[in-house]
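Working notes, structure below.
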Amino acid sequence: MAESTVRVVIVDDHSIFRSGLRADLDATIDVVGEAADAASAVAIIEATAPDVVLLDVHLPAGAGAASGPDAAGGEAVIRGAGPSVPATRFLALSVSDAAEDVVRVIRAGARGYITKGSSGAEVSRAVHAVAGGDAVFSPRLAGFVLDAFGAAVGETATTNDELDRLSTREQEVMRLIARGYAYKEVAAELFISMKTVESHVSAVLRKLQLSSRYELTAWASARRLL
């Protein structure tokens with residue numbers, strides 16, 4: 001069965017690269033737009049709503065863009081256009097294979113990252129894979145993603161295990177105490193007695209193996225529970 005056509009926007013600040021890539025993609029890729037900077041990329045993506053954006057990670061901000069580091073780069077394009085075109089997927093295509101570039105653009109929402117050493121056929125296959133909902137990475141880059149996001153998954157699992165030790169009421173008390181509420185304020189917020197609050201706090205500290213409400217605040221802050 002023949003592959004369906006995928007509509008693509010190419011974003012790269014080198015016109016020669018864009019032209020060469022366009023010529024090298026196979027016939028199932030329909031290039032509906034190009035851009036050379038973050039600001040113009042957001043505009044063309046919102047106007048064309050492509051299936052996939054082939055996106056360099058190092059881009060100038062462009063004319064009329066806000067100043068500052070958040071206005072440039074591939075992640076600025078994803079954050080700027082992504083909410084307007086929720087069905088569009090972003091595939092980073094860059095000469096850089098630096099871990100920080102890979103992790104930064106994936107955190108912003110890219111569905112894959114391949115290097116410019118890839119052939120036209122390889123890029124075309126990656127475009128189809130990403131359009132179909134898959135994540136695609138050049139082989140040596142996958143390790144960066146696993147290292148960066150595997151750790152986050154492990155931390156989440158650990159946090160969930162720790163929270164499972166607490167009852168629903170204990171979790172409510174824990175969050176309020178960690179936010180700096182006094183025992184009296186917690187009692188009023190949850191419609192329970194101060195004695196009950198004290199009992200829950202003792203249980204929370206014991207189950208989490210903490211020694212004070214200050215340690216509890218640090219524990220909850222590190223796990224983004226506040």
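Lettering and numbering for the structure tokens are positional, with chains as A, B, ... in the shown order, residues counted from 1 in each chain, and ligands counted from 1 in the shown order.
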For Ile106 of chain A, please output as a PyMOL selection string all residues within 9 Å (counting only C-alpha atoms; exclusion window: fewer than 5 positions along the same chain). chain A and resi 75+92+101+111-113+145
For Ile29 of chain A, which residue among A:Ile45, A:Ala188, A:Met194, A:Val52 is the nearest when counting only C-alpha atoms?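 Closest to Ile29 of chain A of all the choices is A:Val52.
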Which one is closest to Val201 of chain A: A:Gln171, A:Ser124, A:Ser119, A:Ser138? Count only C-alpha atoms. A:Gln171
Quick check, in Å to one decimal: how far apart do atom CA of Pro83 of chain A and atom CA of Ala49 of chain A lie?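 Distance between the two atoms: 11.2 Å.
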Residues within 12 Å of Asp26 of chain A, only C-alpha atoms, excluding chain neighbours under 2 positions, as a ChimeraX atom specification: /A:3-6,8,21-24,28-31,119-128
Identify all residues of segment 4-129 of chain A in strand (DSSP E or B) (DSSP on the backbone) and supply them as a CSV table (one decimal) with N, CA, C and O atoms, in the first residue's frame.
```
chain,number,residue,atom,x,y,z
A,6,VAL,N,2.6,13.5,3.4
A,6,VAL,CA,2.8,14.2,4.7
A,6,VAL,C,3.1,15.6,4.3
A,6,VAL,O,4.1,15.9,3.6
A,7,ARG,N,2.4,16.6,4.9
A,7,ARG,CA,2.6,18.0,4.7
A,7,ARG,C,3.7,18.5,5.7
A,7,ARG,O,3.5,18.3,6.9
A,8,VAL,N,4.7,19.2,5.2
A,8,VAL,CA,5.8,19.5,6.0
A,8,VAL,C,6.2,21.0,5.8
A,8,VAL,O,6.1,21.5,4.7
A,9,VAL,N,6.7,21.6,6.9
A,9,VAL,CA,7.3,22.9,6.9
A,9,VAL,C,8.8,22.7,7.3
A,9,VAL,O,9.1,22.0,8.3
A,10,ILE,N,9.7,23.3,6.5
A,10,ILE,CA,11.1,23.2,6.9
A,10,ILE,C,11.6,24.5,7.5
A,10,ILE,O,11.4,25.6,6.9
A,11,VAL,N,12.2,24.4,8.7
A,11,VAL,CA,12.7,25.6,9.4
A,11,VAL,C,14.2,25.4,9.6
A,11,VAL,O,14.7,24.6,10.3
A,29,ILE,N,6.5,13.4,0.5
A,29,ILE,CA,6.6,14.6,1.4
A,29,ILE,C,6.3,15.9,0.6
A,29,ILE,O,6.9,16.2,-0.4
A,30,ASP,N,5.3,16.6,1.0
A,30,ASP,CA,4.8,17.8,0.4
A,30,ASP,C,5.2,19.0,1.3
A,30,ASP,O,4.7,19.2,2.4
A,31,VAL,N,6.3,19.7,0.8
A,31,VAL,CA,6.8,20.9,1.6
A,31,VAL,C,5.8,22.1,1.3
A,31,VAL,O,5.8,22.6,0.2
A,32,VAL,N,5.1,22.5,2.3
A,32,VAL,CA,4.1,23.5,2.2
A,32,VAL,C,4.6,24.9,2.7
A,32,VAL,O,3.9,25.9,2.5
A,33,GLY,N,5.9,24.9,3.2
A,33,GLY,CA,6.4,26.2,3.6
A,33,GLY,C,7.8,26.1,4.2
A,33,GLY,O,8.3,25.0,4.5
A,34,GLU,N,8.5,27.2,4.2
A,34,GLU,CA,9.8,27.3,4.7
A,34,GLU,C,10.0,28.5,5.6
A,34,GLU,O,9.2,29.5,5.4
A,35,ALA,N,10.9,28.5,6.5
A,35,ALA,CA,11.2,29.6,7.4
A,35,ALA,C,12.7,29.6,7.8
A,35,ALA,O,13.3,28.5,7.9
A,52,VAL,N,4.0,17.8,10.0
A,52,VAL,CA,5.3,17.7,10.6
A,52,VAL,C,6.1,19.0,10.3
A,52,VAL,O,6.0,19.5,9.2
A,53,VAL,N,6.8,19.5,11.3
A,53,VAL,CA,7.8,20.6,11.1
A,53,VAL,C,9.2,20.0,11.3
A,53,VAL,O,9.5,19.4,12.3
A,54,LEU,N,10.0,20.1,10.2
A,54,LEU,CA,11.4,19.8,10.3
A,54,LEU,C,12.2,21.0,10.8
A,54,LEU,O,12.2,22.0,10.1
A,55,LEU,N,12.8,20.9,12.0
A,55,LEU,CA,13.2,22.1,12.7
A,55,LEU,C,14.6,22.0,13.2
A,55,LEU,O,15.0,21.1,13.9
A,89,ARG,N,3.3,17.9,14.5
A,89,ARG,CA,4.4,17.3,15.3
A,89,ARG,C,5.7,17.9,14.8
A,89,ARG,O,5.8,18.2,13.7
A,90,PHE,N,6.6,18.0,15.8
A,90,PHE,CA,7.9,18.6,15.5
A,90,PHE,C,9.0,17.6,15.5
A,90,PHE,O,9.1,16.8,16.5
A,91,LEU,N,9.8,17.6,14.5
A,91,LEU,CA,11.0,16.7,14.4
A,91,LEU,C,12.2,17.6,14.2
A,91,LEU,O,12.4,18.3,13.2
A,92,ALA,N,13.1,17.5,15.2
A,92,ALA,CA,14.4,18.3,15.1
A,92,ALA,C,15.3,17.7,14.1
A,92,ALA,O,15.5,16.5,14.1
A,93,LEU,N,15.9,18.5,13.3
A,93,LEU,CA,16.9,18.1,12.3
A,93,LEU,C,18.1,19.1,12.4
A,93,LEU,O,18.0,20.2,12.0
A,94,SER,N,19.2,18.6,13.0
A,94,SER,CA,20.2,19.6,13.3
A,94,SER,C,21.6,19.0,13.1
A,94,SER,O,21.8,17.7,13.1
A,112,GLY,N,11.0,14.0,18.0
A,112,GLY,CA,12.2,13.2,17.6
A,112,GLY,C,13.3,14.2,17.3
A,112,GLY,O,13.2,15.4,17.3
A,113,TYR,N,14.5,13.6,17.1
A,113,TYR,CA,15.7,14.4,16.8
A,113,TYR,C,16.6,13.5,16.0
A,113,TYR,O,17.1,12.5,16.4
A,114,ILE,N,16.9,14.0,14.8
A,114,ILE,CA,17.9,13.3,13.9
A,114,ILE,C,18.9,14.3,13.4
A,114,ILE,O,18.7,15.6,13.4
A,115,THR,N,20.0,13.8,13.0
A,115,THR,CA,21.1,14.7,12.6
A,115,THR,C,21.1,15.0,11.1
A,115,THR,O,20.6,14.2,10.4
```
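With only C-alpha atoms as the atoms that count, the minimum distance from Glu46 of chain A to the choices A:Ala182, A:Ala72, A:Val77, A:Ala187 is reached by A:Val77.
Between Ser199 of chain A and the candidates A:Met174, A:Val57, A:Ala129, A:Ala108, the tightest atom-to-atom separation, counting only C-alpha atoms, involves A:Met174.
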Set the distance at 10 Å and use only C-alpha atoms: which residues neighbour Ala76 of chain A once local chain neighbours fewer than 6 positions away are removed? I'd like the list as a PyMOL selection string. chain A and resi 37-39+41-42+57+59-61+69-70+82+105+108
For Asp12 of chain A, which residue out of A:Phe191, A:Lys116, A:Arg104, A:Ser84 is the nearest one, using only C-alpha atoms?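 Closest residue, counting only C-alpha atoms: A:Lys116.
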Calculate how many Å separate atom CA of Leu216 of chain A from atom CA of Val186 of chain A, rounding to one decimal.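 Separation of atom CA of Leu216 of chain A and atom CA of Val186 of chain A: 15.1 Å.
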Separation of atom CA of Ala110 of chain A and atom CA of Asp13 of chain A, in Å?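 Atom CA of Ala110 of chain A sits 18.4 Å away from atom CA of Asp13 of chain A.
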